[in-house]
Amino acid sequence: MKFKAFEEFCKLNKIKYQIKEPMSEHTSFKIGGPADFFVNVASNSQLKDALLKLKELEIPYFIIGKGSNLLVSDKGIEGAVISLSLIDDIKVEDDVISAGAGASLAAVCVAAANNSLSGLEFAYGIPASVGGALYMNAGAYGGEMKDVVIKAEYVTKDGEIGEISLGEMCLGYRTSIFKQSEKIITRVYYKLKKGDKTEIRSAMDDFMGRRKSKQPLEFPSAGSTFKRPVGYFAGALIEQNNLKGVSVGGAMVSEKHAGFVINYNNATCNDVKQLMEHIRQTVLKAESVELHPEVIFVGRE
């Protein structure tokens with residue numbers, strides 16, 4: 001009855017939705033069972049209204065961007081998954097770019113280059129949405145979101161709309177205040193610098209070239225599987241323990257880059273979790289270093 005009431009609400013408010021939508025269609029791992037309800041909100045007001053209705057009906061929910069850092073249960077996700085992918089507009093005003101949380105980070109990088117704005121070159125190729133990148137404080141090649149973000153807009157589960165400054169975000173290595181709060185990022189503002197368009201594009205191409213040569217981009221994955229331990233590199237620890245090419249079911253430690261667990265042959269969530277646990281235990285036993293997942297597990301146990 002709860003889902004029927006929510007379906008009627010979506011129809012009435014012209015909010016796009018799917019029932020029993022496979023999450024394998026919405027994650028970069030291409031893994032995951034069905035979400036009971038998959039909702040595509042197209043504006044802050046639709047998001048606010050949907051959140052208030054879900055609260056009223058006591059239906060649990062999960063927010064998703066591009067699903068590039070998620071490992072979803074084979075049993076799917078209980079309740080509603082709210083996708084922000086339609087909130088994807090990008091605006092440029094002088095040296096500030098703002099983008100909806102669902103916009104591709106790569107698209108923001110291209111917009112910056114097209115407007116001769118430098119600072120986001122490092123992020124070109126990070127397979128994330130704008131909101132997801134800030135949530136994780138994504139970074140690469142010496143740069144992180146905290147270096148370029150100045151503020152963000154958000155909506156809470158109670159429908160409160162607000163703004164948060166960089167200093168309040170507590171951005172650290174793959175973490176932020178958004179992980180511990182109920183603030184859902186809806187828009188991000190980046191402060192950049194005027195630069196030479198040719199040089200900016202050249203740097204972006206260089207970073208992308210490095211990614212393609214070193215990372216297994218031809219296979220579904222969630223990027224780096226483990227966080228970088230203090231004083232070490234996860235990929236190096238995994239490689240020196242001869243784990244490259246080791247597999248469980250359809251999941252494998254990439255032979256190209258040991259820091260990536262890839263879905264090379266219709267892997268299940270359980271395949272990936274078992275392989276990650278084998279990696280963790282092997283490295284812990286051999287190196288006395290604990291590896292912690294960078295991948296976020298979501299869904300039914």
# chains A, B, ... in the order shown; residues from 1 in each chain; ligands from 1
call {"tool": "select_by_dssp", "arguments": {"residues": "segment 63-264 of chain A", "states": "strand (DSSP E)", "output": "number ranges by chain"}}
result
A: 63-64, 70-72, 77-83, 90-93, 96-100, 117-118, 139-140, 143-144, 149-156, 161-165, 183-191, 193-194, 247-248, 251-253, 261-263
call {"tool": "residues_around", "arguments": {"residues": "Ile15 of chain A", "least_positions_apart": "3", "cutoff": "9 Å", "atoms": "only C-alpha atoms", "output": "tab-separated table (two decimals) with N, CA, C and O atoms, in the first residue's frame"}}
result
chain	number	residue	atom	x	y	z
A	9	PHE	N	1.60	9.43	-6.02
A	9	PHE	CA	2.23	10.74	-5.78
A	9	PHE	C	3.14	11.11	-6.96
A	9	PHE	O	3.12	12.25	-7.44
A	10	CYS	N	3.95	10.16	-7.43
A	10	CYS	CA	4.86	10.43	-8.55
A	10	CYS	C	4.09	10.77	-9.82
A	10	CYS	O	4.45	11.70	-10.55
A	11	LYS	N	3.02	10.04	-10.07
A	11	LYS	CA	2.19	10.31	-11.26
A	11	LYS	C	1.61	11.72	-11.18
A	11	LYS	O	1.64	12.47	-12.16
A	12	LEU	N	1.08	12.06	-10.02
A	12	LEU	CA	0.44	13.36	-9.82
A	12	LEU	C	1.43	14.51	-10.00
A	12	LEU	O	1.09	15.56	-10.55
A	39	VAL	N	13.47	6.37	-8.66
A	39	VAL	CA	12.86	7.68	-8.92
A	39	VAL	C	13.88	8.64	-9.54
A	39	VAL	O	15.00	8.77	-9.05
A	40	ASN	N	13.50	9.30	-10.63
A	40	ASN	CA	14.35	10.31	-11.29
A	40	ASN	C	13.78	11.70	-11.05
A	40	ASN	O	12.85	12.11	-11.75
A	41	VAL	N	14.30	12.42	-10.04
A	41	VAL	CA	13.83	13.78	-9.80
A	41	VAL	C	14.55	14.75	-10.74
A	41	VAL	O	15.72	14.54	-11.07
A	42	ALA	N	13.85	15.78	-11.18
A	42	ALA	CA	14.42	16.70	-12.17
A	42	ALA	C	14.67	18.10	-11.62
A	42	ALA	O	15.13	18.98	-12.35
A	46	GLN	N	11.17	18.90	-6.83
A	46	GLN	CA	10.73	17.50	-6.94
A	46	GLN	C	11.43	16.64	-5.89
A	46	GLN	O	10.81	15.77	-5.28
A	50	ALA	N	9.49	14.70	-2.95
A	50	ALA	CA	9.64	13.24	-2.88
A	50	ALA	C	10.14	12.82	-1.50
A	50	ALA	O	9.64	11.83	-0.91
call {"tool": "closest_residue", "arguments": {"among": "A:Phe38, A:Val110, A:Lys16, A:Leu54", "to": "Leu86 of chain A", "atoms": "only C-alpha atoms"}}
result
A:Lys16
call {"tool": "residues_around", "arguments": {"residues": "Asn270 of chain A", "least_positions_apart": "4", "cutoff": "10 Å", "atoms": "only C-alpha atoms", "output": "list in words"}}
result
Ile31, Leu71, Val72, Ser73, Asp74, Val248, Gly249, Gly250, Ala251, Gln274, Leu275 and Met276 of chain A
call {"tool": "residues_around", "arguments": {"residues": "Ser165 of chain A", "least_positions_apart": "3", "cutoff": "7 Å", "atoms": "only C-alpha atoms", "output": "list in words"}}
result
Ile150, Lys151, Ala152, Glu168 and Met169 of chain A
call {"tool": "write_last_selection", "arguments": {"atoms": "N, CA and C atoms", "output": "PDB file, in the first residue's frame"}}
result
ATOM      1  N   ILE A 150      33.882  25.857  -3.579  1.00  0.00           N
ATOM      2  CA  ILE A 150      33.734  26.960  -2.621  1.00  0.00           C
ATOM      3  C   ILE A 150      32.444  26.864  -1.800  1.00  0.00           C
ATOM      4  N   LYS A 151      31.402  26.271  -2.382  1.00  0.00           N
ATOM      5  CA  LYS A 151      30.163  26.092  -1.625  1.00  0.00           C
ATOM      6  C   LYS A 151      29.272  25.079  -2.339  1.00  0.00           C
ATOM      7  N   ALA A 152      28.208  24.687  -1.658  1.00  0.00           N
ATOM      8  CA  ALA A 152      27.246  23.756  -2.253  1.00  0.00           C
ATOM      9  C   ALA A 152      25.860  24.042  -1.708  1.00  0.00           C
ATOM     10  N   GLU A 168      32.806  24.401   6.102  1.00  0.00           N
ATOM     11  CA  GLU A 168      31.877  23.574   6.896  1.00  0.00           C
ATOM     12  C   GLU A 168      31.789  22.138   6.397  1.00  0.00           C
ATOM     13  N   MET A 169      32.422  21.848   5.258  1.00  0.00           N
ATOM     14  CA  MET A 169      32.246  20.534   4.619  1.00  0.00           C
ATOM     15  C   MET A 169      33.113  19.429   5.210  1.00  0.00           C
TER      16      MET A 169
END
call {"tool": "select_by_dssp", "arguments": {"residues": "segment 32-74 of chain A", "states": "helix (DSSP H, G or I)", "output": "PyMOL selection string"}}
result
chain A and resi 44-57
call {"tool": "residues_around", "arguments": {"residues": "Tyr190 of chain A", "least_positions_apart": "4", "cutoff": "7 Å", "atoms": "only C-alpha atoms", "output": "PyMOL selection string"}}
result
chain A and resi 96-98+148-150
call {"tool": "residues_around", "arguments": {"residues": "Ala286 of chain A", "least_positions_apart": "4", "cutoff": "10 Å", "atoms": "only C-alpha atoms", "output": "list in words"}}
result
Leu237, Gln240, Asn241, Gln281 and Thr282 of chain A
call {"tool": "write_last_selection", "arguments": {"atoms": "all heavy atoms", "output": "compact mmCIF listing (two decimals), in the first residue's frame"}}
result
# COMPACT_ATOMS: atom_id res chain seq x y z
N LEU A 237 50.51 -2.90 -2.54
CA LEU A 237 50.44 -3.97 -1.54
C LEU A 237 49.77 -5.21 -2.12
O LEU A 237 50.20 -6.34 -1.87
CB LEU A 237 49.65 -3.50 -0.32
CG LEU A 237 50.30 -2.43 0.56
CD1 LEU A 237 49.31 -1.93 1.60
CD2 LEU A 237 51.55 -2.98 1.24
N GLN A 240 52.23 -6.85 -4.79
CA GLN A 240 53.41 -7.54 -4.26
C GLN A 240 53.06 -8.82 -3.51
O GLN A 240 53.93 -9.65 -3.20
CB GLN A 240 54.23 -6.60 -3.37
CG GLN A 240 53.62 -6.19 -2.07
CD GLN A 240 54.34 -4.99 -1.45
OE1 GLN A 240 54.81 -4.08 -2.15
NE2 GLN A 240 54.42 -4.98 -0.13
N ASN A 241 51.76 -9.02 -3.27
CA ASN A 241 51.31 -10.28 -2.68
C ASN A 241 50.71 -11.21 -3.73
O ASN A 241 49.92 -12.11 -3.41
CB ASN A 241 50.32 -10.00 -1.55
CG ASN A 241 51.03 -9.59 -0.27
OD1 ASN A 241 51.54 -10.43 0.45
ND2 ASN A 241 51.09 -8.29 -0.01
N GLN A 281 42.45 -9.99 3.82
CA GLN A 281 43.09 -10.93 4.73
C GLN A 281 44.52 -11.25 4.31
O GLN A 281 45.42 -11.35 5.16
CB GLN A 281 42.27 -12.22 4.82
CG GLN A 281 40.96 -12.06 5.58
CD GLN A 281 40.24 -13.38 5.78
OE1 GLN A 281 40.80 -14.45 5.58
NE2 GLN A 281 38.97 -13.31 6.18
N THR A 282 44.73 -11.39 3.00
CA THR A 282 46.07 -11.70 2.49
C THR A 282 47.06 -10.59 2.82
O THR A 282 48.16 -10.83 3.32
CB THR A 282 46.04 -11.93 0.96
OG1 THR A 282 45.15 -13.01 0.67
CG2 THR A 282 47.42 -12.27 0.43
call {"tool": "residues_around", "arguments": {"residues": "Glu121 of chain A", "least_positions_apart": "6", "cutoff": "8 Å", "atoms": "only C-alpha atoms", "output": "PyMOL selection string"}}
result
chain A and resi 109+200-201+203-204+207
call {"tool": "write_last_selection", "arguments": {"atoms": "N, CA and C atoms", "output": "compact mmCIF listing (two decimals), in the first residue's frame"}}
result
# COMPACT_ATOMS: atom_id res chain seq x y z
N CYS A 109 34.38 19.58 -16.36
CA CYS A 109 35.77 19.80 -16.79
C CYS A 109 35.82 20.35 -18.21
N ILE A 200 45.16 24.04 -20.97
CA ILE A 200 44.18 23.33 -20.15
C ILE A 200 43.78 22.02 -20.82
N ARG A 201 43.48 22.09 -22.10
CA ARG A 201 43.09 20.88 -22.84
C ARG A 201 44.23 19.88 -22.91
N ALA A 203 46.60 19.45 -20.68
CA ALA A 203 46.72 18.81 -19.37
C ALA A 203 45.62 17.76 -19.17
N MET A 204 44.39 18.10 -19.61
CA MET A 204 43.29 17.14 -19.50
C MET A 204 43.57 15.89 -20.31
N PHE A 207 46.18 13.72 -18.52
CA PHE A 207 45.62 12.95 -17.40
C PHE A 207 44.77 11.79 -17.91
call {"tool": "closest_residue", "arguments": {"among": "A:Ile90, A:Met252, A:Ala222, A:Val130", "to": "Glu294 of chain A", "atoms": "only C-alpha atoms"}}
result
A:Ala222
call {"tool": "closest_residue", "arguments": {"among": "A:Lys179, A:Ile126, A:Asn263, A:Asn242", "to": "Met208 of chain A", "atoms": "only C-alpha atoms"}}
result
A:Ile126
call {"tool": "closest_residue", "arguments": {"among": "A:Gly125, A:Pro216, A:Gly76, A:Gly172", "to": "Gly32 of chain A", "atoms": "only C-alpha atoms"}}
result
A:Gly76
call {"tool": "decode", "arguments": {"residues": "segment 200-231 of chain A", "atoms": "N, CA, C and O atoms", "output": "compact mmCIF listing (two decimals), in the first residue's frame"}}
result
# COMPACT_ATOMS: atom_id res chain seq x y z
N ILE A 200 45.16 24.04 -20.97
CA ILE A 200 44.18 23.33 -20.15
C ILE A 200 43.78 22.02 -20.82
O ILE A 200 43.78 20.94 -20.19
N ARG A 201 43.48 22.09 -22.10
CA ARG A 201 43.09 20.88 -22.84
C ARG A 201 44.23 19.88 -22.91
O ARG A 201 44.02 18.66 -22.82
N SER A 202 45.44 20.38 -23.05
CA SER A 202 46.61 19.51 -23.12
C SER A 202 46.78 18.75 -21.80
O SER A 202 47.06 17.54 -21.80
N ALA A 203 46.60 19.45 -20.68
CA ALA A 203 46.72 18.81 -19.37
C ALA A 203 45.62 17.76 -19.17
O ALA A 203 45.88 16.67 -18.66
N MET A 204 44.39 18.10 -19.61
CA MET A 204 43.29 17.14 -19.50
C MET A 204 43.57 15.89 -20.31
O MET A 204 43.36 14.76 -19.84
N ASP A 205 44.05 16.08 -21.53
CA ASP A 205 44.37 14.93 -22.39
C ASP A 205 45.47 14.08 -21.79
O ASP A 205 45.45 12.85 -21.89
N ASP A 206 46.44 14.74 -21.16
CA ASP A 206 47.54 14.01 -20.52
C ASP A 206 47.03 13.14 -19.38
O ASP A 206 47.38 11.96 -19.28
N PHE A 207 46.18 13.72 -18.52
CA PHE A 207 45.62 12.95 -17.40
C PHE A 207 44.77 11.79 -17.91
O PHE A 207 44.83 10.68 -17.38
N MET A 208 43.97 12.04 -18.95
CA MET A 208 43.13 10.98 -19.50
C MET A 208 43.99 9.87 -20.11
O MET A 208 43.70 8.69 -19.95
N GLY A 209 45.06 10.26 -20.78
CA GLY A 209 45.97 9.28 -21.38
C GLY A 209 46.59 8.39 -20.31
O GLY A 209 46.73 7.18 -20.50
N ARG A 210 46.97 9.01 -19.19
CA ARG A 210 47.55 8.23 -18.09
C ARG A 210 46.54 7.24 -17.53
O ARG A 210 46.89 6.09 -17.24
N ARG A 211 45.30 7.69 -17.41
CA ARG A 211 44.25 6.79 -16.91
C ARG A 211 44.09 5.58 -17.83
O ARG A 211 44.04 4.43 -17.37
N LYS A 212 43.97 5.86 -19.12
CA LYS A 212 43.72 4.78 -20.08
C LYS A 212 44.88 3.78 -20.13
O LYS A 212 44.67 2.59 -20.34
N SER A 213 46.10 4.28 -19.95
CA SER A 213 47.26 3.39 -20.04
C SER A 213 47.45 2.55 -18.78
O SER A 213 48.00 1.44 -18.84
N LYS A 214 46.98 3.05 -17.64
CA LYS A 214 47.25 2.37 -16.37
C LYS A 214 46.04 1.70 -15.73
O LYS A 214 46.20 0.82 -14.88
N GLN A 215 44.83 2.11 -16.13
CA GLN A 215 43.64 1.58 -15.46
C GLN A 215 42.81 0.70 -16.40
O GLN A 215 42.76 0.96 -17.61
N PRO A 216 42.11 -0.29 -15.86
CA PRO A 216 41.32 -1.22 -16.68
C PRO A 216 39.95 -0.64 -17.05
O PRO A 216 38.90 -1.19 -16.66
N LEU A 217 39.96 0.45 -17.79
CA LEU A 217 38.72 1.15 -18.10
C LEU A 217 37.80 0.36 -19.03
O LEU A 217 36.63 0.69 -19.19
N GLU A 218 38.35 -0.71 -19.64
CA GLU A 218 37.55 -1.51 -20.56
C GLU A 218 36.62 -2.49 -19.84
O GLU A 218 35.77 -3.13 -20.47
N PHE A 219 36.77 -2.60 -18.51
CA PHE A 219 35.92 -3.49 -17.71
C PHE A 219 35.10 -2.68 -16.71
O PHE A 219 35.57 -1.66 -16.19
N PRO A 220 33.88 -3.16 -16.37
CA PRO A 220 33.11 -2.50 -15.31
C PRO A 220 33.83 -2.62 -13.97
O PRO A 220 34.35 -3.69 -13.63
N SER A 221 33.88 -1.52 -13.23
CA SER A 221 34.47 -1.54 -11.89
C SER A 221 33.93 -0.33 -11.13
O SER A 221 33.14 0.44 -11.66
N ALA A 222 34.39 -0.20 -9.89
CA ALA A 222 34.01 0.98 -9.10
C ALA A 222 35.25 1.83 -8.85
O ALA A 222 35.34 2.52 -7.84
N GLY A 223 36.21 1.78 -9.77
CA GLY A 223 37.44 2.53 -9.59
C GLY A 223 38.32 1.86 -8.53
O GLY A 223 38.31 0.64 -8.40
N SER A 224 39.06 2.65 -7.78
CA SER A 224 39.92 2.10 -6.73
C SER A 224 39.06 1.38 -5.70
O SER A 224 38.14 1.96 -5.14
N THR A 225 39.39 0.11 -5.46
CA THR A 225 38.56 -0.72 -4.58
C THR A 225 38.79 -0.39 -3.11
O THR A 225 37.86 -0.38 -2.31
N PHE A 226 40.04 -0.11 -2.76
CA PHE A 226 40.39 0.18 -1.36
C PHE A 226 40.96 1.59 -1.23
O PHE A 226 41.59 2.10 -2.15
N LYS A 227 40.78 2.15 -0.05
CA LYS A 227 41.39 3.44 0.26
C LYS A 227 42.90 3.27 0.39
O LYS A 227 43.39 2.18 0.66
N ARG A 228 43.62 4.37 0.22
CA ARG A 228 45.08 4.33 0.35
C ARG A 228 45.46 4.30 1.83
O ARG A 228 45.16 5.23 2.57
N PRO A 229 46.13 3.22 2.30
CA PRO A 229 46.56 3.19 3.71
C PRO A 229 47.67 4.23 3.93
O PRO A 229 48.45 4.51 3.02
N VAL A 230 47.72 4.77 5.12
CA VAL A 230 48.75 5.76 5.44
C VAL A 230 50.14 5.16 5.22
O VAL A 230 50.48 4.12 5.77
N GLY A 231 50.92 5.82 4.38
CA GLY A 231 52.28 5.37 4.13
C GLY A 231 52.43 4.31 3.07
O GLY A 231 53.55 3.85 2.79
